[in-house]
Every structure is written in structure tokens, then in C-alpha cells.
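input-v5.cif, holding mmCIF, C-alpha atoms, pLDDT in the B column; chains and numbers go by the auth columns:
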```
data_structure
loop_
_atom_site.group_PDB
_atom_site.id
_atom_site.type_symbol
_atom_site.label_atom_id
_atom_site.label_comp_id
_atom_site.label_asym_id
_atom_site.label_seq_id
_atom_site.Cartn_x
_atom_site.Cartn_y
_atom_site.Cartn_z
_atom_site.B_iso_or_equiv
_atom_site.auth_seq_id
_atom_site.auth_asym_id
ATOM 1 C CA MET A 1 -19.921 31.165 -62.276 76.00 1 C
ATOM 2 C CA ILE A 2 -18.596 33.003 -65.285 84.00 2 C
ATOM 3 C CA GLU A 3 -19.331 36.705 -64.984 88.00 3 C
ATOM 4 C CA PHE A 4 -19.154 39.514 -67.489 95.00 4 C
ATOM 5 C CA SER A 5 -19.351 43.271 -67.103 96.00 5 C
ATOM 6 C CA ARG A 6 -22.676 44.940 -67.808 96.00 6 C
ATOM 7 C CA GLU A 7 -21.405 46.098 -71.187 97.00 7 C
ATOM 8 C CA GLU A 8 -20.238 42.590 -72.107 97.00 8 C
ATOM 9 C CA THR A 9 -23.549 41.095 -70.966 96.00 9 C
ATOM 10 C CA VAL A 10 -25.511 43.538 -73.120 96.00 10 C
ATOM 11 C CA ALA A 11 -23.286 42.850 -76.153 97.00 11 C
ATOM 12 C CA LEU A 12 -23.514 39.073 -75.719 97.00 12 C
ATOM 13 C CA SER A 13 -27.280 39.243 -75.244 97.00 13 C
ATOM 14 C CA GLU A 14 -27.623 41.263 -78.440 97.00 14 C
ATOM 15 C CA ARG A 15 -25.562 38.713 -80.347 97.00 15 C
ATOM 16 C CA LEU A 16 -27.698 35.930 -78.901 97.00 16 C
ATOM 17 C CA ARG A 17 -30.890 37.764 -79.903 97.00 17 C
ATOM 18 C CA ASP A 18 -29.556 38.330 -83.421 97.00 18 C
ATOM 19 C CA TRP A 19 -28.546 34.682 -83.800 97.00 19 C
ATOM 20 C CA LEU A 20 -31.872 33.372 -82.514 97.00 20 C
ATOM 21 C CA ALA A 21 -33.746 35.662 -84.892 97.00 21 C
ATOM 22 C CA ALA A 22 -31.615 34.768 -87.927 97.00 22 C
ATOM 23 C CA GLU A 23 -31.206 31.043 -87.375 97.00 23 C
ATOM 24 C CA LEU A 24 -34.358 29.997 -85.518 97.00 24 C
ATOM 25 C CA ASP A 25 -36.765 32.803 -86.314 97.00 25 C
ATOM 26 C CA VAL A 26 -37.166 33.408 -82.566 96.00 26 C
ATOM 27 C CA GLU A 27 -37.595 36.949 -81.306 96.00 27 C
ATOM 28 C CA LEU A 28 -36.551 37.678 -77.720 95.00 28 C
ATOM 29 C CA GLY A 29 -36.633 40.858 -75.750 95.00 29 C
ATOM 30 C CA GLY A 30 -33.557 42.151 -73.986 93.00 30 C
ATOM 31 C CA PHE A 31 -34.554 40.765 -70.592 95.00 31 C
ATOM 32 C CA ASP A 32 -35.341 37.321 -72.008 97.00 32 C
ATOM 33 C CA ALA A 33 -32.064 37.238 -73.924 96.00 33 C
ATOM 34 C CA GLU A 34 -30.106 38.099 -70.767 96.00 34 C
ATOM 35 C CA PHE A 35 -32.049 35.455 -68.850 96.00 35 C
ATOM 36 C CA LEU A 36 -31.174 32.864 -71.522 97.00 36 C
ATOM 37 C CA LEU A 37 -27.553 34.004 -71.538 96.00 37 C
ATOM 38 C CA ASP A 38 -27.438 33.614 -67.750 95.00 38 C
ATOM 39 C CA PHE A 39 -28.777 30.065 -68.075 96.00 39 C
ATOM 40 C CA VAL A 40 -26.241 29.156 -70.761 95.00 40 C
ATOM 41 C CA LEU A 41 -23.384 30.608 -68.720 95.00 41 C
ATOM 42 C CA ARG A 42 -24.491 28.854 -65.557 94.00 42 C
ATOM 43 C CA GLU A 43 -25.240 25.463 -67.120 95.00 43 C
ATOM 44 C CA LEU A 44 -22.746 25.234 -69.999 95.00 44 C
ATOM 45 C CA GLY A 45 -20.109 27.817 -69.159 94.00 45 C
ATOM 46 C CA PRO A 46 -18.233 25.695 -66.619 95.00 46 C
ATOM 47 C CA ARG A 47 -17.803 22.889 -69.142 96.00 47 C
ATOM 48 C CA PHE A 48 -16.325 25.253 -71.734 95.00 48 C
ATOM 49 C CA TYR A 49 -14.163 26.942 -69.113 96.00 49 C
ATOM 50 C CA ASN A 50 -12.850 23.623 -67.802 96.00 50 C
ATOM 51 C CA ARG A 51 -12.128 22.419 -71.340 97.00 51 C
ATOM 52 C CA GLY A 52 -10.090 25.578 -71.887 96.00 52 C
ATOM 53 C CA ILE A 53 -8.163 24.878 -68.696 97.00 53 C
ATOM 54 C CA GLU A 54 -7.539 21.273 -69.798 98.00 54 C
ATOM 55 C CA ASP A 55 -6.315 22.462 -73.196 98.00 55 C
ATOM 56 C CA ALA A 56 -4.028 25.039 -71.584 98.00 56 C
ATOM 57 C CA ARG A 57 -2.671 22.415 -69.174 98.00 57 C
ATOM 58 C CA ALA A 58 -1.943 19.999 -72.042 98.00 58 C
ATOM 59 C CA LEU A 59 -0.196 22.740 -74.009 98.00 59 C
ATOM 60 C CA LEU A 60 1.866 23.749 -70.990 98.00 60 C
ATOM 61 C CA GLU A 61 2.886 20.133 -70.322 98.00 61 C
ATOM 62 C CA ARG A 62 3.862 19.651 -73.969 97.00 62 C
ATOM 63 C CA ARG A 63 5.885 22.872 -74.021 98.00 63 C
ATOM 64 C CA ALA A 64 7.538 21.999 -70.690 98.00 64 C
ATOM 65 C CA GLY A 65 8.603 18.675 -72.200 97.00 65 C
ATOM 66 C CA GLU A 66 10.026 20.460 -75.225 97.00 66 C
ATOM 67 C CA LEU A 67 11.894 22.837 -72.952 97.00 67 C
ATOM 68 C CA ALA A 68 13.311 19.956 -70.913 96.00 68 C
ATOM 69 C CA GLU A 69 14.535 18.308 -74.130 96.00 69 C
ATOM 70 C CA ALA A 70 16.122 21.562 -75.281 96.00 70 C
ATOM 71 C CA LEU A 71 17.947 21.884 -71.963 96.00 71 C
ATOM 72 C CA VAL A 72 19.303 18.343 -72.256 94.00 72 C
ATOM 73 C CA GLU A 73 20.627 19.225 -75.708 94.00 73 C
ATOM 74 C CA LEU A 74 22.463 22.212 -74.217 95.00 74 C
ATOM 75 C CA GLU A 75 24.286 20.138 -71.623 95.00 75 C
ATOM 76 C CA VAL A 76 28.002 19.892 -72.100 93.00 76 C
ATOM 77 C CA PRO A 77 29.498 16.462 -71.555 91.00 77 C
ATOM 78 C CA GLU A 78 31.671 16.376 -68.451 93.00 78 C
ATOM 79 C CA PRO A 79 35.256 15.151 -68.820 93.00 79 C
ATOM 80 C CA ARG A 80 35.946 11.733 -67.381 89.00 80 C
#
```
Rewrite the structure from the file as C-alpha cells, please.
Amino acid sequence: MIEFSREETVALSERLRDWLAAELDVELGGFDAEFLLDFVLRELGPRFYNRGIEDARALLERRAGELAEALVELEVPEPR
């Protein structure tokens, strides 16, 4: 489960309330917004988190390959 500090939770809930009001004309109280945020974090958060991990892994693998190529270029041919 993705967890945020109390301050972060309040800030995220306020942003969620503002967005819902502006985009969907839905007014939520603070408790309801935090409840919705908790649901989104619990149900959708792991997918976003895992996608971030996958992206980081792909980047790391790509950079490791680039580093391996750079090291090969630095090798000095050995005399025969």
C-alpha cells in the first residue's frame, strides 16, 4: 500500500476535491475526499507504482548496456 504523511494526504485530498469540483461539478467534503483518495491509492496505486519500477528497470538496463559498450571501447588491444 502506498502511504503518505498526514500533510501529503491532506494536500492530495484538497487537489482531488478541487479537480472534482472543477471538472465534474462534484463537491466532496474532506473526509469523503480522503476516503476516495484511499480507494484510488489502494486500487490503482500499485499499478502506477509497478509501472514506475518497470520503467526504472528498463532505463537501468539500457544504461548498463551503454556502460558495457563504453568499457569495451576503452579496452586496449593486447600485443600478440
request  = Please provide the set of residues having any atom within 10 Å of Ser13 (chain C), restricted to all atoms listed in the file, with same-chain residues fewer than 3 positions apart removed, written as a ChimeraX atom specification.
outcome  = /C:7-10,16-19,28-38
Export of prior selection with C-alpha atoms as a CSV table (one decimal), keeping the file's coordinate frame:
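For reference, out-v8.csv as written:
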```csv
chain,number,residue,atom,x,y,z
C,7,GLU,CA,-21.4,46.1,-71.2
C,8,GLU,CA,-20.2,42.6,-72.1
C,9,THR,CA,-23.5,41.1,-71.0
C,10,VAL,CA,-25.5,43.5,-73.1
C,16,LEU,CA,-27.7,35.9,-78.9
C,17,ARG,CA,-30.9,37.8,-79.9
C,18,ASP,CA,-29.6,38.3,-83.4
C,19,TRP,CA,-28.5,34.7,-83.8
C,28,LEU,CA,-36.6,37.7,-77.7
C,29,GLY,CA,-36.6,40.9,-75.8
C,30,GLY,CA,-33.6,42.2,-74.0
C,31,PHE,CA,-34.6,40.8,-70.6
C,32,ASP,CA,-35.3,37.3,-72.0
C,33,ALA,CA,-32.1,37.2,-73.9
C,34,GLU,CA,-30.1,38.1,-70.8
C,35,PHE,CA,-32.0,35.5,-68.8
C,36,LEU,CA,-31.2,32.9,-71.5
C,37,LEU,CA,-27.6,34.0,-71.5
C,38,ASP,CA,-27.4,33.6,-67.8
```
ask   = the PyMOL selection byres ((chain C and resi 1) around 9) on the file shown: which residues, as a PyMOL selection string?
value = chain C and resi 2-3+41-42+45-46
message = Please compute the CA of Glu27 (chain C)-CA of Phe39 (chain C) distance, one decimal, in Å.
response = 17.3 Å
request  = To one decimal in Å, tell me the separation between CA of Ser5 (chain C) and CA of Glu54 (chain C).
outcome  = 25.1 Å
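A straight line drawn from CA of Ala70 (chain C) to CA of Gly52 (chain C) is 26.7 Å long.
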